[in-house]
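J.: Next comes the structure file entry_25.txt, holding compact mmCIF, C-alpha atoms.
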# COMPACT_ATOMS: atom_id res chain seq x y z
CA MET A 111 -20.13 1.23 9.76
CA THR A 112 -21.54 2.23 6.36
CA GLN A 113 -19.69 1.93 3.08
CA LYS A 114 -19.42 5.74 2.93
CA GLN A 115 -17.80 5.90 6.37
CA ALA A 116 -15.39 3.12 5.42
CA ASN A 117 -14.41 4.99 2.27
CA ILE A 118 -13.78 8.20 4.25
CA LEU A 119 -11.48 6.31 6.62
CA LEU A 120 -9.60 4.92 3.63
CA VAL A 121 -9.14 8.48 2.32
CA PHE A 122 -7.37 9.45 5.56
CA VAL A 123 -5.26 6.30 5.32
CA THR A 124 -4.31 7.27 1.78
CA MET A 125 -3.24 10.76 2.85
CA GLY A 126 -1.02 9.23 5.51
CA TRP A 127 0.52 6.91 2.98
CA GLY A 128 1.20 9.83 0.67
CA SER A 129 3.62 11.08 3.32
CA SER A 130 5.41 7.70 3.41
CA TYR A 131 7.35 8.54 0.25
CA ILE A 132 8.96 11.49 2.02
CA PHE A 133 9.68 9.58 5.21
CA THR A 134 11.20 6.73 3.21
CA LYS A 135 13.43 9.14 1.29
CA PHE A 136 14.68 10.58 4.58
CA SER A 137 15.58 7.16 6.01
CA ILE A 138 16.55 4.95 3.06
CA GLY A 139 19.95 6.63 2.77
CA GLU A 140 21.03 5.22 6.15
CA VAL A 141 18.98 2.03 6.42
CA GLN A 142 18.78 -0.88 3.97
CA PRO A 143 15.28 -1.72 2.58
CA PHE A 144 14.64 -4.93 4.56
CA MET A 145 15.96 -3.38 7.78
CA LEU A 146 13.70 -0.37 7.23
CA VAL A 147 10.76 -2.76 6.94
CA ALA A 148 11.86 -4.41 10.20
CA PHE A 149 12.16 -1.14 12.11
CA ARG A 150 8.94 0.28 10.72
CA PHE A 151 6.67 -2.68 11.34
CA ILE A 152 8.13 -3.99 14.60
CA ILE A 153 7.72 -0.54 16.17
CA ALA A 154 4.19 -0.33 14.77
CA PHE A 155 3.30 -3.76 16.17
CA ILE A 156 4.70 -2.99 19.63
CA VAL A 157 2.76 0.28 19.82
CA MET A 158 -0.51 -1.31 18.76
CA ALA A 159 0.00 -4.37 20.97
CA LEU A 160 0.57 -2.19 24.03
CA LEU A 161 -2.44 -0.01 23.30
CA PHE A 162 -4.84 -2.85 22.57
CA PHE A 163 -3.41 -5.79 24.50
CA GLN A 164 -6.79 -6.79 25.94
CA LYS A 165 -8.30 -7.01 22.45
CA ILE A 166 -5.55 -9.21 20.99
CA ARG A 167 -4.61 -11.41 23.95
CA HIS A 168 -7.04 -14.10 22.79
CA VAL A 169 -6.59 -14.76 19.11
CA HIS A 170 -7.90 -17.52 16.85
CA ARG A 171 -5.39 -19.68 14.97
CA GLN A 172 -7.10 -18.77 11.70
CA THR A 173 -6.34 -15.10 12.39
CA ILE A 174 -2.65 -15.88 12.97
CA GLN A 175 -2.49 -17.84 9.72
CA ALA A 176 -4.15 -15.05 7.75
CA SER A 177 -1.86 -12.46 9.38
CA ALA A 178 1.21 -14.50 8.43
CA ILE A 179 0.11 -14.63 4.79
CA LEU A 180 -0.62 -10.90 4.65
CA GLY A 181 2.61 -10.11 6.52
CA THR A 182 4.63 -12.05 3.96
CA ILE A 183 3.05 -10.11 1.11
CA LEU A 184 3.55 -6.79 2.93
CA CYS A 185 7.21 -7.54 3.55
CA GLY A 186 7.65 -7.99 -0.19
CA VAL A 187 5.68 -4.82 -0.90
CA PHE A 188 7.73 -2.52 1.29
CA ALA A 189 11.12 -4.09 0.66
CA THR A 190 10.51 -3.58 -3.06
CA PHE A 191 9.27 -0.07 -2.30
CA GLY A 192 12.52 0.66 -0.45
CA PHE A 193 14.59 -0.48 -3.43
CA ALA A 194 12.45 1.70 -5.71
CA MET A 195 12.95 4.80 -3.57
CA GLN A 196 16.72 4.41 -3.76
CA THR A 197 16.67 5.37 -7.45
CA THR A 198 13.27 6.98 -8.13
CA SER A 199 11.89 10.37 -7.13
CA ALA A 200 9.07 10.37 -4.59
CA SER A 201 6.61 12.10 -6.93
CA THR A 202 7.26 9.73 -9.85
CA ALA A 203 7.07 6.68 -7.58
CA GLY A 204 3.72 7.86 -6.26
CA PHE A 205 2.11 7.91 -9.69
CA LEU A 206 3.70 4.62 -10.75
CA ILE A 207 2.64 2.73 -7.65
CA THR A 208 -0.94 3.95 -8.04
CA THR A 209 -1.19 1.49 -10.94
CA THR A 210 -2.13 -0.83 -8.08
CA VAL A 211 -5.73 0.11 -8.85
CA ILE A 212 -5.35 -1.28 -12.35
CA PHE A 213 -3.84 -4.52 -11.08
CA VAL A 214 -6.68 -5.06 -8.58
CA PRO A 215 -9.49 -5.56 -11.15
CA LEU A 216 -7.13 -7.60 -13.33
CA ILE A 217 -6.41 -9.92 -10.40
CA MET A 218 -10.15 -10.18 -9.72
CA VAL A 219 -10.59 -11.17 -13.36
CA VAL A 220 -8.12 -14.03 -12.86
CA ILE A 221 -9.82 -15.13 -9.63
CA LYS A 222 -13.33 -15.03 -11.15
CA ARG A 223 -12.06 -16.55 -14.42
CA LYS A 224 -13.88 -14.03 -16.55
CA LEU A 225 -12.60 -11.81 -19.33
CA PRO A 226 -12.04 -8.17 -18.32
CA VAL A 227 -15.00 -5.88 -18.87
CA ARG A 228 -14.59 -3.18 -21.48
CA LYS A 229 -13.90 -0.39 -18.99
CA VAL A 230 -11.01 -2.35 -17.41
CA MET A 231 -9.45 -3.05 -20.79
CA LEU A 232 -9.80 0.61 -21.84
CA GLY A 233 -8.52 1.89 -18.50
CA THR A 234 -5.52 -0.44 -18.65
CA LEU A 235 -4.64 0.77 -22.14
CA ILE A 236 -4.91 4.43 -21.10
CA THR A 237 -2.87 3.82 -17.96
CA PHE A 238 -0.15 2.02 -19.91
CA THR A 239 0.06 5.03 -22.25
CA GLY A 240 0.51 7.37 -19.31
CA LEU A 241 2.98 4.99 -17.71
CA THR A 242 5.08 5.06 -20.87
CA LEU A 243 5.18 8.87 -20.93
CA LEU A 244 5.97 9.08 -17.23
CA SER A 245 8.64 6.39 -17.20
CA LEU A 246 10.52 6.43 -20.48
CA LYS A 247 13.56 8.69 -20.60
CA ASP A 248 15.58 9.94 -23.54
CA SER A 249 17.20 6.51 -23.92
CA PHE A 250 13.75 4.90 -24.33
CA THR A 251 14.49 2.39 -21.55
CA PHE A 252 12.83 1.72 -18.22
CA GLU A 253 15.02 2.49 -15.23
CA ILE A 254 15.36 -0.24 -12.60
CA GLY A 255 13.51 1.98 -10.12
CA ILE A 256 10.50 2.04 -12.46
CA ILE A 257 10.43 -1.74 -12.53
CA TYR A 258 10.59 -1.86 -8.73
CA CYS A 259 7.67 0.60 -8.54
CA LEU A 260 5.51 -1.55 -10.83
CA LEU A 261 6.42 -4.69 -8.87
CA THR A 262 5.45 -2.86 -5.69
CA ALA A 263 2.09 -1.98 -7.25
CA LEU A 264 1.45 -5.60 -8.27
CA LEU A 265 2.33 -6.98 -4.84
CA TYR A 266 0.20 -4.35 -3.14
CA ALA A 267 -2.75 -5.21 -5.38
CA ILE A 268 -2.40 -8.83 -4.28
CA HIS A 269 -2.40 -7.64 -0.67
CA ILE A 270 -5.58 -5.60 -1.18
CA VAL A 271 -7.43 -8.57 -2.63
CA ALA A 272 -6.14 -10.98 0.01
CA ASN A 273 -6.85 -8.52 2.83
CA ASN A 274 -10.38 -8.02 1.57
CA TYR A 275 -10.95 -11.78 1.71
CA PHE A 276 -9.43 -12.40 5.14
CA ALA A 277 -11.07 -9.33 6.72
CA ARG A 278 -14.44 -10.98 6.10
CA THR A 279 -13.47 -14.33 7.65
CA VAL A 280 -11.53 -13.35 10.80
CA ASP A 281 -11.38 -10.51 13.34
CA ALA A 282 -10.34 -7.54 11.17
CA PHE A 283 -8.83 -5.57 14.06
CA GLN A 284 -6.60 -8.43 15.19
CA LEU A 285 -5.72 -9.14 11.59
CA GLY A 286 -4.52 -5.57 11.09
CA ILE A 287 -2.28 -5.71 14.16
CA PHE A 288 -0.76 -9.17 13.80
CA GLN A 289 0.15 -8.68 10.15
CA LEU A 290 2.33 -5.77 11.31
CA GLY A 291 4.26 -8.12 13.55
CA PHE A 292 4.78 -10.77 10.90
CA THR A 293 5.91 -8.14 8.39
CA GLY A 294 8.50 -6.77 10.81
CA ILE A 295 9.85 -10.19 11.79
CA LEU A 296 10.17 -11.31 8.17
CA GLY A 297 11.89 -8.03 7.30
CA LEU A 298 14.40 -8.56 10.13
CA ILE A 299 15.13 -12.14 9.04
CA ALA A 300 15.60 -11.09 5.41
CA SER A 301 17.86 -8.22 6.46
CA LEU A 302 20.11 -10.48 8.53
CA LEU A 303 20.33 -12.94 5.66
CA PHE A 304 20.75 -10.65 2.66
CA GLU A 305 21.87 -7.16 3.75
CA PRO A 306 24.89 -5.58 5.42
CA PHE A 307 24.00 -4.40 8.91
CA SER A 308 22.64 -0.85 8.95
CA TRP A 309 21.39 1.40 11.74
CA PRO A 310 19.80 4.86 11.56
CA ILE A 311 22.15 7.50 12.95
CA GLY A 312 20.63 10.94 12.50
CA ALA A 313 17.60 12.34 14.30
CA VAL A 314 15.88 12.94 10.95
CA SER A 315 16.12 9.26 10.04
CA TRP A 316 14.75 8.15 13.39
CA ALA A 317 11.91 10.67 13.16
CA ALA A 318 11.09 9.41 9.66
CA ILE A 319 11.10 5.76 10.81
CA VAL A 320 8.86 6.47 13.80
CA SER A 321 6.49 8.42 11.54
CA LEU A 322 6.39 5.50 9.10
CA ALA A 323 5.64 3.15 12.00
CA ILE A 324 2.91 5.19 13.68
CA ILE A 325 1.18 7.08 10.86
CA CYS A 326 1.70 4.85 7.85
CA SER A 327 1.74 1.40 9.48
CA ALA A 328 0.03 1.28 12.89
CA PHE A 329 -2.79 3.61 11.88
CA GLY A 330 -2.84 2.85 8.17
CA PHE A 331 -2.99 -0.92 7.99
CA VAL A 332 -5.17 -1.50 11.03
CA VAL A 333 -7.75 1.00 9.80
CA GLN A 334 -7.48 -0.46 6.29
CA SER A 335 -8.23 -3.96 7.55
CA ILE A 336 -11.31 -2.73 9.42
CA ALA A 337 -12.61 -0.41 6.69
CA GLN A 338 -12.18 -2.98 3.92
CA ASN A 339 -14.72 -5.14 5.70
CA TYR A 340 -17.39 -2.63 4.62
CA THR A 341 -16.36 -1.81 1.07
CA THR A 342 -15.10 -3.53 -2.08
CA PRO A 343 -11.56 -4.19 -3.37
CA GLU A 344 -12.33 -2.03 -6.40
CA ASN A 345 -13.46 0.89 -4.23
CA THR A 346 -10.39 0.52 -2.05
CA GLY A 347 -8.11 0.60 -5.06
CA PHE A 348 -9.86 3.65 -6.49
CA ILE A 349 -9.55 5.59 -3.22
CA PHE A 350 -5.87 4.74 -3.09
CA SER A 351 -5.46 6.58 -6.41
CA LEU A 352 -5.36 9.76 -4.29
CA GLU A 353 -2.01 8.67 -2.89
CA PRO A 354 0.23 9.97 -5.72
CA ILE A 355 -1.35 13.40 -5.55
CA THR A 356 -0.52 13.79 -1.87
CA ALA A 357 2.90 12.23 -2.47
CA ALA A 358 3.67 14.76 -5.21
CA ILE A 359 2.57 17.66 -2.99
CA PHE A 360 4.74 16.47 -0.08
CA ALA A 361 7.67 15.85 -2.45
CA PHE A 362 7.40 19.40 -3.77
CA LEU A 363 7.10 20.97 -0.32
CA PHE A 364 9.79 19.01 1.52
CA LEU A 365 12.14 17.67 -1.17
CA GLY A 366 11.81 20.37 -3.83
CA GLU A 367 10.99 17.77 -6.48
CA LYS A 368 9.50 18.96 -9.75
CA MET A 369 8.31 17.00 -12.75
CA VAL A 370 8.85 18.00 -16.38
CA MET A 371 5.90 18.51 -18.72
CA GLN A 372 6.13 14.98 -20.17
CA GLU A 373 5.87 13.54 -16.65
CA TYR A 374 2.89 15.75 -15.77
CA ILE A 375 1.08 14.60 -18.91
CA GLY A 376 1.92 10.96 -18.19
CA ALA A 377 0.74 11.26 -14.58
CA THR A 378 -2.54 12.86 -15.69
CA ILE A 379 -3.17 10.12 -18.24
CA ILE A 380 -2.51 7.47 -15.57
CA LEU A 381 -5.15 9.03 -13.30
CA ILE A 382 -7.61 9.16 -16.21
CA GLY A 383 -6.99 5.49 -16.94
CA ILE A 384 -7.49 4.60 -13.28
CA PHE A 385 -10.79 6.49 -13.20
CA VAL A 386 -12.01 4.80 -16.37
CA ALA A 387 -11.11 1.32 -15.12
CA ASN A 388 -12.70 1.75 -11.69
CA HIS A 389 -15.70 4.03 -12.31
CA THR A 390 -19.01 2.42 -11.50
CA PRO A 391 -22.50 3.93 -11.17
CA LYS A 392 -23.47 4.73 -7.60
CA LYS A 393 -25.47 2.01 -5.96
CA ARG A 394 -26.20 1.01 -2.41
CA ILE A 395 -24.22 -2.01 -1.22
CA GLU A 396 -24.28 -3.20 2.36
CA TYR A 397 -21.39 -5.11 3.85
CA GLY A 398 -21.56 -6.83 7.20
CA MET A 399 -18.83 -8.20 9.38
CA ASN A 400 -18.50 -11.98 9.62
CA LYS A 401 -16.22 -12.90 12.50
CA THR A 402 -15.16 -16.40 13.37
CA SER A 403 -12.97 -15.54 16.35
What would you get if you wrote out this structure as structure tokens?
T.:
Amino acid sequence: MTQKQANILLVFVTMGWGSSYIFTKFSIGEVQPFMLVAFRFIIAFIVMALLFFQKIRHVHRQTIQASAILGTILCGVFATFGFAMQTTSASTAGFLITTTVIFVPLIMVVIKRKLPVRKVMLGTLITFTGLTLLSLKDSFTFEIGIIYCLLTALLYAIHIVANNYFARTVDAFQLGIFQLGFTGILGLIASLLFEPFSWPIGAVSWAAIVSLAIICSAFGFVVQSIAQNYTTPENTGFIFSLEPITAAIFAFLFLGEKMVMQEYIGATIILIGIFVANHTPKKRIEYGMNKTS
């Protein structure tokens, strides 16, 4: 697989994830956040395990360990995302969570122990300006949903960096499937410990949960794990900046959500900041797969 092909696959993944905001809105009213994580990822794992049993029946211990780490991070990502969607519109959440692509290069700066390059510093400043316009209301305070969205973005950035590392050291396909299982199990445990029992009742909620499981989880995270083996964390984060655009379109079509002019301006500035922070001249980079299992 070439880097270009990997990036195209990630674009399709991003479009699928843009729909997750709508599906989550449809289901979060009946199901608590951790339980939604459990339903979504356990179903996704069962589907993928049944389809590809022969490919995952023999798995290296290192792959299980990596999957457990990624599953723990993912559980935090989507539980926090569920809390955010309880109080934040789908379109606004989409643009806020795309700040993931600002957090990714900042995390890489910490890992490499080097000061941020000028474009990252400038992009971060521009993005923060847009974030302020998009998030601040008349009371000049951040709503709790905004904070949950930013925490989701940070956790997801950590997942992107960690996934990029593990996908180069273990079987990427197995990694993508087993992290689904760990995420679902951890979500179920957390739900039993911290949430009142909840169960989806309506057909719409069940349809939304199944869509989250198949489109956004089974397809999305398995393909992400494979594709990231052939591209960079920065490229992955930049491609994911398409997510809020598709989320806003779906929110308008299916939820009737509209943003005011201040929010449109803020969202546009965020995208500009993301582009500035992640833009690099085109150059040919080859990535190979290094499997140990």
J.: Pick the closest to Ile221 (chain A) from A:Ile254, A:Leu260, A:Ala272, A:Val123: which is it, counting only C-alpha atoms?
T.: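 Smallest distance to Ile221 (chain A) is found for A:Ala272.
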J.: One decimal, in Å: what's the spacing between CA of Val370 (chain A) and CA of Thr210 (chain A)?
T.: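 Computing the Euclidean distance for CA of Val370 (chain A) and CA of Thr210 (chain A) yields 23.3 Å.
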J.: Go through A:Ile336, A:Ala189, A:Ile183, A:Leu119 and flag the residue nearest Asp281 (chain A), using all atoms listed in the file for the distances.
T.: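 Smallest distance to Asp281 (chain A) is found for A:Ile336.
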J.: If we count all atoms listed in the file and set the cut-off at 9 Å, which residues sit around Pro310 (chain A), ignoring sequence neighbours fewer than 6 positions away in its own chain? Please answer as a list in words.
T.: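 Listing them by chain and then by number gives Ser137, Gly139, Glu140, Val141, Trp316 and Ile319 of chain A.
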J.: Taking into account only C-alpha atoms, which residue in the set A:Thr293, A:Asn274, A:Thr234, A:Ser199 is nearest to Gly255 (chain A)?
T.: A:Ser199
J.: May I ask for the distance between CA of Phe331 (chain A) and CA of Ala176 (chain A), given in Å to one decimal place?
T.: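 Calculated distance between CA of Phe331 (chain A) and CA of Ala176 (chain A) is 14.2 Å.
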J.: May I have the protein, DNA and RNA residues with an atom at most 9 Å from (-6.8, -10.8, 3.2), counting only C-alpha atoms in the file's coordinates, returned as a list in words?
T.: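 Residues with an atom close enough to that point: Ala176, Ser177, Ile179, Leu180, Ile268, His269, Ile270, Val271, Ala272, Asn273, Asn274, Tyr275, Phe276, Ala277, Arg278, Thr279, Leu285 and Ser335 of chain A.
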J.: Quote the spacing between CA of Asn339 (chain A) and CA of Ile380 (chain A) in Å to one decimal place.
T.: 27.6 Å
J.: Nearest to Ile311 (chain A) among A:Ile152, A:Val386, A:Ile138, A:Ile174, with distances taken over only C-alpha atoms: which residue is it?
T.: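 Comparing A:Ile152, A:Val386, A:Ile138, A:Ile174 against Ile311 (chain A), the winner is A:Ile138.
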J.: Using all atoms listed in the file, which residues sit within 10 Å of Met158 (chain A) once same-chain residues fewer than 3 positions away are excluded, as a list of chain:residue names?
T.: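 Selected residues are A:Ile152, A:Ile153, A:Ala154, A:Phe155, A:Leu161, A:Phe162, A:Phe163, A:Ile166, A:Gly286, A:Ile287, A:Phe288, A:Leu290, A:Gly291, A:Ile324, A:Ser327, A:Ala328, A:Phe329, A:Val332.
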J.: Which of these residues is nearest to Ala337 (chain A), using all atoms listed in the file: A:Ala282, A:Leu381, A:Ala200, A:Ala194?
T.: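 Closest candidate: A:Ala282.
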J.: Between A:Thr378, A:Asn345, A:Thr262, A:Ser308, which one has atoms that come closest to Met145 (chain A), using all atoms listed in the file?
T.: A:Ser308
J.: Please provide the set of residues having any atom within 9 Å of Pro143 (chain A), restricted to all atoms listed in the file, with same-chain residues fewer than 3 positions apart removed, written as a list in words.
T.: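 These residues fall inside the cut-off: Ile138, Leu146, Val147, Ala148, Phe188, Ala189, Thr190, Phe191, Gly192, Phe193, Gln196, Gly297, Ser301 and Glu305 of chain A.
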J.: Can you list, as number ranges by chain, every protein, DNA or RNA residue that comes within 7 Å of Gly204 (chain A) when you count only C-alpha atoms, leaving out same-chain residues fewer than 6 positions away?
T.: A: 353-354, 357-358
J.: So that I can check the surroundings of Lys165 (chain A), please list as number ranges by chain every protein, DNA and RNA residue that reaches within 9 Å of it, counting only C-alpha atoms and ignoring chain neighbours fewer than 3 positions away.
T.: A: 159, 162, 168-169, 283-284
J.: How would you write as a list of chain:residue names the residues that get within 12 Å of (-4.6, 15.7, 4.0) in the file's frame, counting only C-alpha atoms?
T.: A:Ile118, A:Leu119, A:Leu120, A:Val121, A:Phe122, A:Val123, A:Thr124, A:Met125, A:Gly126, A:Trp127, A:Gly128, A:Ser129, A:Leu352, A:Glu353, A:Ile355, A:Thr356, A:Ala357, A:Ile359, A:Phe360
J.: Each side padded by 4 Å, which centre and which edge lengths in Å (one decimal) define the axis-aligned box around the listed atoms of region 258-263 of chain A? Give them as lines of an AutoDock Vina configuration file.
T.:
center_x = 6.3
center_y = -2.0
center_z = -8.3
size_x = 16.5
size_y = 13.3
size_z = 13.1
